[in-house]
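What follows is the content of upload29.pdb (PDB, C-alpha atoms).
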```
MODEL        1
ATOM      1  CA  CYS U 291     -10.150  77.155-113.197
ATOM      2  CA  SER U 292     -10.431  75.413-116.587
ATOM      3  CA  ASN U 293     -13.736  73.713-115.664
ATOM      4  CA  GLU U 294     -15.321  77.071-114.800
ATOM      5  CA  LYS U 295     -14.047  78.634-118.046
ATOM      6  CA  LEU U 296     -15.557  75.726-119.972
ATOM      7  CA  SER U 297     -18.838  76.194-118.101
ATOM      8  CA  HIS U 298     -18.926  79.871-119.133
ATOM      9  CA  LEU U 299     -18.235  78.862-122.743
ATOM     10  CA  LEU U 300     -21.005  76.245-122.732
ATOM     11  CA  GLU U 301     -23.415  78.761-121.214
ATOM     12  CA  ALA U 302     -22.572  81.277-123.931
ATOM     13  CA  LEU U 303     -23.076  78.651-126.641
ATOM     14  CA  LYS U 304     -26.446  77.629-125.179
ATOM     15  CA  ASN U 305     -27.591  81.263-125.303
ATOM     16  CA  SER U 306     -26.300  81.749-128.843
ATOM     17  CA  THR U 307     -28.818  82.257-131.651
ATOM     18  CA  THR U 308     -26.390  81.020-134.305
ATOM     19  CA  VAL U 309     -25.034  77.846-132.682
ATOM     20  CA  HIS U 310     -27.272  74.814-132.088
ATOM     21  CA  ILE U 311     -26.339  72.793-129.006
ATOM     22  CA  THR U 312     -27.554  69.254-128.269
ATOM     23  CA  THR U 313     -26.933  67.874-124.769
ATOM     24  CA  LEU U 314     -26.470  64.128-124.486
ATOM     25  CA  ASN U 315     -26.885  62.362-121.130
ATOM     26  CA  LEU U 316     -24.544  59.387-121.278
ATOM     27  CA  GLY U 317     -25.484  57.891-117.913
ATOM     28  CA  GLY U 318     -24.073  54.527-116.888
ATOM     29  CA  ILE U 319     -22.621  51.971-119.267
ATOM     30  CA  SER U 320     -23.972  48.511-119.998
ATOM     31  CA  LEU U 321     -22.571  45.258-118.638
ATOM     32  CA  GLU U 322     -20.959  44.651-122.013
ATOM     33  CA  GLY U 323     -19.529  48.163-122.012
ATOM     34  CA  THR U 324     -18.071  47.630-118.550
ATOM     35  CA  ASN U 325     -16.546  44.355-119.683
ATOM     36  CA  ARG U 326     -14.916  45.981-122.708
ATOM     37  CA  MET U 327     -13.623  48.774-120.460
ATOM     38  CA  ILE U 328     -12.099  46.349-117.936
ATOM     39  CA  ALA U 329     -10.684  44.090-120.655
ATOM     40  CA  ASN U 330      -9.017  47.101-122.256
ATOM     41  CA  MET U 331      -7.583  48.308-118.928
ATOM     42  CA  LEU U 332      -6.213  44.858-118.021
ATOM     43  CA  LYS U 333      -5.192  43.977-121.605
ATOM     44  CA  LEU U 334      -7.150  40.724-121.503
ATOM     45  CA  PRO U 335      -9.775  39.071-123.735
ATOM     46  CA  ILE U 336     -13.353  39.915-122.755
ATOM     47  CA  ARG U 337     -14.140  36.232-122.137
ATOM     48  CA  LEU U 338     -11.591  36.198-119.297
ATOM     49  CA  THR U 339     -12.761  39.432-117.669
ATOM     50  CA  ARG U 340     -16.480  38.598-117.801
ATOM     51  CA  PRO U 341     -16.713  37.109-114.236
ATOM     52  CA  LEU U 342     -14.787  40.077-112.822
ATOM     53  CA  CYS U 343     -16.907  42.496-114.831
ATOM     54  CA  GLU U 344     -20.194  41.119-113.467
ATOM     55  CA  VAL U 345     -19.104  41.811-109.871
ATOM     56  CA  VAL U 346     -17.517  45.202-110.571
ATOM     57  CA  HIS U 347     -20.432  46.379-112.719
ATOM     58  CA  ARG U 348     -22.913  45.577-109.941
ATOM     59  CA  LYS U 349     -20.878  47.297-107.225
ATOM     60  CA  ALA U 350     -20.106  50.343-109.401
ATOM     61  CA  ARG U 351     -23.688  50.499-110.726
ATOM     62  CA  GLY U 352     -22.394  50.877-114.253
ATOM     63  CA  ASN U 353     -20.694  54.202-113.568
ATOM     64  CA  PRO U 354     -17.368  54.338-115.503
ATOM     65  CA  LEU U 355     -15.760  56.555-112.864
ATOM     66  CA  PHE U 356     -16.625  54.099-110.097
ATOM     67  CA  VAL U 357     -15.445  51.135-112.172
ATOM     68  CA  ARG U 358     -11.998  52.729-112.310
ATOM     69  CA  MET U 359     -12.127  53.632-108.626
ATOM     70  CA  PHE U 360     -13.145  50.128-107.583
ATOM     71  CA  LEU U 361     -10.361  48.547-109.631
ATOM     72  CA  SER U 362      -7.922  50.913-107.873
ATOM     73  CA  VAL U 363      -9.305  49.784-104.514
ATOM     74  CA  LEU U 364      -8.870  46.131-105.509
ATOM     75  CA  PHE U 365      -5.293  46.826-106.580
ATOM     76  CA  GLU U 366      -4.452  48.638-103.342
ATOM     77  CA  GLU U 367      -5.928  45.780-101.298
ATOM     78  CA  HIS U 368      -4.003  43.209-103.400
ATOM     79  CA  ALA U 369      -7.234  41.616-104.559
ATOM     80  CA  LEU U 370      -6.136  42.413-108.118
ATOM     81  CA  THR U 371      -2.497  41.559-108.793
ATOM     82  CA  TYR U 372      -0.195  41.295-111.771
ATOM     83  CA  SER U 373       1.588  37.977-112.182
ATOM     84  CA  LEU U 374       5.042  38.279-113.703
ATOM     85  CA  LYS U 375       5.061  34.514-114.171
ATOM     86  CA  GLU U 376       1.834  34.441-116.178
ATOM     87  CA  LYS U 377       2.298  37.958-117.572
ATOM     88  CA  ARG U 378      -1.327  38.926-116.860
ATOM     89  CA  TRP U 379      -3.608  40.286-114.174
ATOM     90  CA  LEU U 380      -5.069  37.773-111.695
ATOM     91  CA  TRP U 381      -7.855  37.989-109.116
ATOM     92  CA  ASP U 382      -9.856  35.879-106.688
ATOM     93  CA  ILE U 383     -13.477  36.444-107.614
ATOM     94  CA  ASP U 384     -14.754  35.224-104.222
ATOM     95  CA  ASP U 385     -12.572  37.766-102.395
ATOM     96  CA  ILE U 386     -13.779  40.530-104.697
ATOM     97  CA  ARG U 387     -17.424  39.613-104.102
ATOM     98  CA  GLN U 388     -16.798  40.141-100.380
ATOM     99  CA  THR U 389     -14.872  43.396-100.871
ATOM    100  CA  SER U 390     -16.855  46.467 -99.895
ATOM    101  CA  MET U 391     -15.863  49.571-101.777
ATOM    102  CA  ASP U 392     -18.124  51.889 -99.820
ATOM    103  CA  GLU U 393     -15.583  53.079 -97.232
ATOM    104  CA  GLU U 394     -12.728  53.532 -99.701
ATOM    105  CA  LEU U 395     -14.943  55.057-102.363
ATOM    106  CA  ALA U 396     -16.552  57.428 -99.856
ATOM    107  CA  LEU U 397     -13.076  58.721 -98.942
ATOM    108  CA  ILE U 398     -12.071  59.131-102.603
ATOM    109  CA  LEU U 399     -15.303  60.958-103.425
ATOM    110  CA  SER U 400     -15.017  63.196-100.371
ATOM    111  CA  GLN U 401     -11.518  64.198-101.485
ATOM    112  CA  LYS U 402     -12.763  64.758-105.047
ATOM    113  CA  VAL U 403     -15.578  67.015-103.840
ATOM    114  CA  SER U 404     -13.209  68.975-101.590
ATOM    115  CA  ARG U 405     -10.900  69.656-104.560
ATOM    116  CA  MET U 406     -13.680  71.495-106.376
ATOM    117  CA  SER U 407     -14.038  75.257-105.937
ATOM    118  CA  GLN U 408     -15.917  76.488-102.877
ATOM    119  CA  ASP U 409     -18.844  77.599-105.048
ATOM    120  CA  VAL U 410     -19.142  74.164-106.653
ATOM    121  CA  GLN U 411     -18.987  72.481-103.248
ATOM    122  CA  GLN U 412     -21.789  74.711-101.965
ATOM    123  CA  ALA U 413     -23.917  73.977-105.042
ATOM    124  CA  LEU U 414     -23.424  70.221-104.599
ATOM    125  CA  THR U 415     -24.303  70.482-100.915
ATOM    126  CA  LEU U 416     -27.492  72.327-101.793
ATOM    127  CA  VAL U 417     -28.499  69.610-104.262
ATOM    128  CA  SER U 418     -27.692  66.926-101.674
ATOM    129  CA  CYS U 419     -30.242  68.462 -99.285
ATOM    130  CA  PHE U 420     -32.985  67.233-101.639
ATOM    131  CA  GLY U 421     -31.716  63.645-101.689
ATOM    132  CA  MET U 422     -30.512  61.800-104.763
ATOM    133  CA  ARG U 423     -32.142  64.101-107.340
ATOM    134  CA  VAL U 424     -33.855  67.453-107.648
ATOM    135  CA  GLU U 425     -35.617  69.237-110.493
ATOM    136  CA  GLY U 426     -33.860  72.259-111.942
ATOM    137  CA  ASP U 427     -36.934  74.435-111.441
ATOM    138  CA  VAL U 428     -36.876  73.639-107.726
ATOM    139  CA  LEU U 429     -33.250  74.738-107.509
ATOM    140  CA  ARG U 430     -34.211  77.937-109.306
ATOM    141  CA  MET U 431     -36.672  78.627-106.480
ATOM    142  CA  THR U 432     -33.853  78.394-103.908
ATOM    143  CA  SER U 433     -32.054  81.322-105.564
ATOM    144  CA  ARG U 434     -32.587  84.977-104.666
ATOM    145  CA  ASP U 435     -32.417  86.079-108.302
ATOM    146  CA  GLU U 436     -31.612  84.886-111.806
ATOM    147  CA  ASP U 437     -27.941  85.850-111.553
ATOM    148  CA  GLU U 438     -27.518  83.643-108.496
ATOM    149  CA  PHE U 439     -29.234  80.750-110.287
ATOM    150  CA  SER U 440     -27.030  81.203-113.365
ATOM    151  CA  LYS U 441     -23.930  81.058-111.168
ATOM    152  CA  MET U 442     -25.258  77.907-109.487
ATOM    153  CA  SER U 443     -25.979  76.340-112.897
ATOM    154  CA  ARG U 444     -22.391  76.933-114.002
ATOM    155  CA  CYS U 445     -21.133  75.325-110.799
ATOM    156  CA  LEU U 446     -23.355  72.300-111.307
ATOM    157  CA  GLU U 447     -22.111  72.017-114.902
ATOM    158  CA  SER U 448     -18.567  71.819-113.512
ATOM    159  CA  ALA U 449     -19.703  69.013-111.192
ATOM    160  CA  ILE U 450     -21.253  67.175-114.151
ATOM    161  CA  GLN U 451     -17.967  67.416-116.052
ATOM    162  CA  GLU U 452     -16.247  65.762-113.077
ATOM    163  CA  ASN U 453     -18.859  62.939-112.966
ATOM    164  CA  LEU U 454     -20.082  64.085-109.561
ATOM    165  CA  LEU U 455     -23.530  64.882-110.950
ATOM    166  CA  GLU U 456     -25.702  63.900-113.929
ATOM    167  CA  MET U 457     -28.568  65.413-115.871
ATOM    168  CA  ASP U 458     -31.594  63.119-115.964
ATOM    169  CA  GLY U 459     -34.099  65.016-118.089
ATOM    170  CA  LYS U 460     -35.049  68.080-116.038
ATOM    171  CA  TYR U 461     -33.393  66.672-112.937
ATOM    172  CA  TYR U 462     -29.945  67.024-111.432
ATOM    173  CA  ALA U 463     -29.093  63.585-110.064
ATOM    174  CA  PHE U 464     -26.208  62.067-108.152
ATOM    175  CA  PRO U 465     -24.727  59.036-109.960
ATOM    176  CA  HIS U 466     -24.261  57.161-106.676
ATOM    177  CA  ASP U 467     -25.552  57.570-103.141
ATOM    178  CA  LEU U 468     -21.973  57.880-101.913
ATOM    179  CA  VAL U 469     -21.552  61.076-103.965
ATOM    180  CA  GLN U 470     -24.680  62.515-102.351
ATOM    181  CA  GLN U 471     -23.324  61.458 -98.965
ATOM    182  CA  ALA U 472     -19.924  63.061 -99.634
ATOM    183  CA  ALA U 473     -21.604  66.361-100.569
ATOM    184  CA  TYR U 474     -24.074  66.332 -97.671
ATOM    185  CA  GLU U 475     -21.509  65.434 -95.023
ATOM    186  CA  ARG U 476     -19.666  68.690 -95.704
ATOM    187  CA  LEU U 477     -22.277  70.245 -93.414
ATOM    188  CA  LEU U 478     -21.606  70.481 -89.709
ATOM    189  CA  ASP U 479     -24.408  69.203 -87.475
ATOM    190  CA  GLU U 480     -25.381  72.735 -86.493
ATOM    191  CA  GLU U 481     -25.498  73.800 -90.162
ATOM    192  CA  VAL U 482     -27.935  71.106 -91.327
ATOM    193  CA  LEU U 483     -31.146  72.526 -89.812
ATOM    194  CA  SER U 484     -30.155  76.090 -90.698
ATOM    195  CA  LEU U 485     -29.564  75.247 -94.367
ATOM    196  CA  HIS U 486     -32.788  73.258 -94.690
ATOM    197  CA  PHE U 487     -34.732  76.070 -93.009
ATOM    198  CA  ASN U 488     -33.241  78.790 -95.223
ATOM    199  CA  VAL U 489     -33.786  76.739 -98.393
ATOM    200  CA  GLY U 490     -37.413  76.089 -97.460
ATOM    201  CA  LEU U 491     -37.933  79.756 -96.619
ATOM    202  CA  GLN U 492     -36.533  80.902 -99.958
ATOM    203  CA  ILE U 493     -38.734  78.433-101.859
ATOM    204  CA  LEU U 494     -41.830  79.658-100.030
ATOM    205  CA  LYS U 495     -40.826  83.269-100.738
ATOM    206  CA  ASN U 496     -40.399  82.617-104.455
ATOM    207  CA  ALA U 497     -43.592  80.583-104.640
ATOM    208  CA  SER U 498     -45.746  83.327-103.135
TER     209      SER U 498
ENDMDL
END
```

Can you present the structure in this file as structure tokens?
Amino acid sequence: CSNEKLSHLLEALKNSTTVHITTLNLGGISLEGTNRMIANMLKLPIRLTRPLCEVVHRKARGNPLFVRMFLSVLFEEHALTYSLKEKRWLWDIDDIRQTSMDEELALILSQKVSRMSQDVQQALTLVSCFGMRVEGDVLRMTSRDEDEFSKMSRCLESAIQENLLEMDGKYYAFPHDLVQQAAYERLLDEEVLSLHFNVGLQILKNAS
């Protein structure tokens, strides 16, 4: 797929002795950035979208992907509507404050994870076993050899490109607990203990 081809290209560039690569971790956006984003999407002045922005920014935790997702949820639930009479978007801020995006967002994220390649899904599930974040060196210790770790790294890079994962210094981190949940819940009940056991065993083997 195109994401995997891009991952191979980025890996080759990182290993190049003639090309200097700088990786920037963008992370979440500020409250003001969220407001500008929403104002641009709704074609409204930022002073009008500020109350909406404050609620959406808090629920989406400043993640641009989740801001868009939450606005889609609001639209589907008719909490965000376009008025032909006033020729602008309208909303009830009290209704939006009470709107939970967890269930809808969890479904969207689960579908997004399942659309990734099987290798990327497995890599995300492995990361999810460690919680919200895990150091890259720890993931290296779960691999049987360097080739396997390189393949995993390319898969995780694909996940980063899809906003399902972030780099936080030396750590791979999920941008939202619902992403971690979507990746972890791919495991069947009988697979959970087995995966944790095998991961722990491989770490002990590499540490000895």

Could you give me, as CSV, every stretch 341-382 of chain U residue with an atom at most 10 Å from stretch 450-467 of chain U, plus its closest atom pair and distance in Å to one decimal, counting only C-alpha atoms, rows ordered by chain then number?
```
residue,atom,partner,partner_atom,distance
U:Ala350,CA,U:His466,CA,8.4
U:Arg351,CA,U:His466,CA,7.8
U:Gly352,CA,U:Pro465,CA,9.5
U:Asn353,CA,U:Pro465,CA,7.3
U:Pro354,CA,U:Asn453,CA,9.1
U:Leu355,CA,U:Asn453,CA,7.1
U:Phe356,CA,U:His466,CA,8.9
```

Practice prompt. Considering all atoms listed in the file, return as a list in words whatever protein or nucleic-acid residues lie within 9 Å of stretch 486-491 of chain U, sequence-local ones (same chain, fewer than 5 positions apart) excluded.
Written response: Leu416, Cys419, Met431, Thr432, Ser433, Glu481 and Asn496 of chain U

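Taking atom CA of U:Met406 as the reference point, atom CA of U:Gln471 is found at 15.8 Å.
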
Worksheet entry | Within 7 Å of U:Leu446 using all atoms listed in the file, minus same-chain residues under 4 positions, as a PyMOL selection string | chain U and resi 410+413+442+450

Keeping C-alpha atoms for every residue in the selection just given, could you write it to a file as a PDB file, keeping the file's coordinate frame?
```pdb
ATOM      1  CA  VAL U 410     -19.142  74.164-106.653  1.00  0.00           C
ATOM      2  CA  ALA U 413     -23.917  73.977-105.042  1.00  0.00           C
ATOM      3  CA  MET U 442     -25.258  77.907-109.487  1.00  0.00           C
ATOM      4  CA  ILE U 450     -21.253  67.175-114.151  1.00  0.00           C
TER       5      ILE U 450
END
```

Quick check on the file I pasted: which residues fall under the PyMOL selection byres ((chain U and resi 347) around 10)? Write them as a PDB file with C-alpha atoms, in the frame of the given file.
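Output saved as result_21.pdb:
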```pdb
ATOM      1  CA  GLY U 318     -24.073  54.527-116.888  1.00  0.00           C
ATOM      2  CA  ILE U 319     -22.621  51.971-119.267  1.00  0.00           C
ATOM      3  CA  SER U 320     -23.972  48.511-119.998  1.00  0.00           C
ATOM      4  CA  LEU U 321     -22.571  45.258-118.638  1.00  0.00           C
ATOM      5  CA  GLU U 322     -20.959  44.651-122.013  1.00  0.00           C
ATOM      6  CA  GLY U 323     -19.529  48.163-122.012  1.00  0.00           C
ATOM      7  CA  THR U 324     -18.071  47.630-118.550  1.00  0.00           C
ATOM      8  CA  ASN U 325     -16.546  44.355-119.683  1.00  0.00           C
ATOM      9  CA  ILE U 328     -12.099  46.349-117.936  1.00  0.00           C
ATOM     10  CA  LEU U 342     -14.787  40.077-112.822  1.00  0.00           C
ATOM     11  CA  CYS U 343     -16.907  42.496-114.831  1.00  0.00           C
ATOM     12  CA  GLU U 344     -20.194  41.119-113.467  1.00  0.00           C
ATOM     13  CA  VAL U 345     -19.104  41.811-109.871  1.00  0.00           C
ATOM     14  CA  VAL U 346     -17.517  45.202-110.571  1.00  0.00           C
ATOM     15  CA  ARG U 348     -22.913  45.577-109.941  1.00  0.00           C
ATOM     16  CA  LYS U 349     -20.878  47.297-107.225  1.00  0.00           C
ATOM     17  CA  ALA U 350     -20.106  50.343-109.401  1.00  0.00           C
ATOM     18  CA  ARG U 351     -23.688  50.499-110.726  1.00  0.00           C
ATOM     19  CA  GLY U 352     -22.394  50.877-114.253  1.00  0.00           C
ATOM     20  CA  ASN U 353     -20.694  54.202-113.568  1.00  0.00           C
ATOM     21  CA  PRO U 354     -17.368  54.338-115.503  1.00  0.00           C
ATOM     22  CA  PHE U 356     -16.625  54.099-110.097  1.00  0.00           C
ATOM     23  CA  VAL U 357     -15.445  51.135-112.172  1.00  0.00           C
ATOM     24  CA  PHE U 360     -13.145  50.128-107.583  1.00  0.00           C
TER      25      PHE U 360
END
```

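Nearest residue to U:Ile493, choosing from U:Asp409, U:Asp427, U:Glu366, U:Asp392 and counting only C-alpha atoms: U:Asp427.
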